[in-house]
Amino acid sequence: MPDRFLRINAYTSLNMADAELQCAEGTAETYGIVNITAARDTPKSVNLQLEIDNTELETVAPHADIFSLSPEEARTLAMDLNKYADRVEAVSEWI
């Protein structure tokens, strides 16, 4: 992603994850970056960062979305991720 806002390195949570962009013009499948961070010194929040590759998407300007989560919100998100991962995994075992 030449216009990348988020850096991909050894500590990136998920680099090049499958992504789908939905907008008024329709949907597009591409890949993206998902990263979770917190400041090293005196962290005030957990940051969930999302960036979708726009190189193949003409109508979307380069951008990254960042959610600042409280520790409680981050834990709620983590619990939901685990719950849905278990559901998908359970169905995958039957296929």
# chains A, B, ... in the order shown; residues from 1 in each chain; ligands from 1
>>> closest_atom_pairs(of="region 66-90 of chain A", to="region 24-41 of chain A", cutoff="12 Å", atoms="only C-alpha atoms", output="JSON lines")
{"residue": "A:Ile66", "atom": "CA", "partner": "A:Asn35", "partner_atom": "CA", "distance": 9.3}
{"residue": "A:Phe67", "atom": "CA", "partner": "A:Ile36", "partner_atom": "CA", "distance": 9.6}
{"residue": "A:Ser68", "atom": "CA", "partner": "A:Ala38", "partner_atom": "CA", "distance": 9.3}
{"residue": "A:Leu69", "atom": "CA", "partner": "A:Ala38", "partner_atom": "CA", "distance": 9.8}
{"residue": "A:Ser70", "atom": "CA", "partner": "A:Ala38", "partner_atom": "CA", "distance": 10.6}
{"residue": "A:Pro71", "atom": "CA", "partner": "A:Ala38", "partner_atom": "CA", "distance": 10.4}
{"residue": "A:Ala74", "atom": "CA", "partner": "A:Ile36", "partner_atom": "CA", "distance": 9.8}
{"residue": "A:Leu77", "atom": "CA", "partner": "A:Ile36", "partner_atom": "CA", "distance": 11.8}
{"residue": "A:Ala78", "atom": "CA", "partner": "A:Ile36", "partner_atom": "CA", "distance": 11.3}
>>> select_by_dssp(residues="chain A", states="strand (DSSP E)", output="PyMOL selection string")
chain A and resi 14-23+26-37+46-52+65-69
>>> atom_distance(atom1="CA of Leu50 (chain A)", atom2="CA of Asp65 (chain A)")
5.1 Å
>>> select_by_dssp(residues="chain A", states="alpha helix (DSSP H)", output="list in words")
Pro71, Glu72, Glu73, Ala74, Arg75, Thr76, Leu77, Ala78, Met79, Asp80, Leu81, Asn82, Lys83, Tyr84, Ala85, Asp86, Arg87, Val88, Glu89, Ala90, Val91, Ser92, Glu93 and Trp94 of chain A
>>> closest_residue(among="A:Glu72, A:Trp94, A:Met16, A:Ala64", to="Gln49 (chain A)", atoms="only C-alpha atoms")
A:Ala64
>>> atom_distance(atom1="CA of Asn15 (chain A)", atom2="CA of Leu48 (chain A)")
13.3 Å
>>> residues_around(residues="Pro62 (chain A)", least_positions_apart="5", cutoff="8 Å", atoms="only C-alpha atoms", output="PyMOL selection string")
chain A and resi 3-5+53-54
>>> atom_distance(atom1="CA of Asn47 (chain A)", atom2="CA of Thr12 (chain A)")
12.4 Å
>>> closest_residue(among="A:Leu14, A:Ile8, A:Leu81, A:Leu21", to="Glu56 (chain A)", atoms="only C-alpha atoms")
A:Leu21
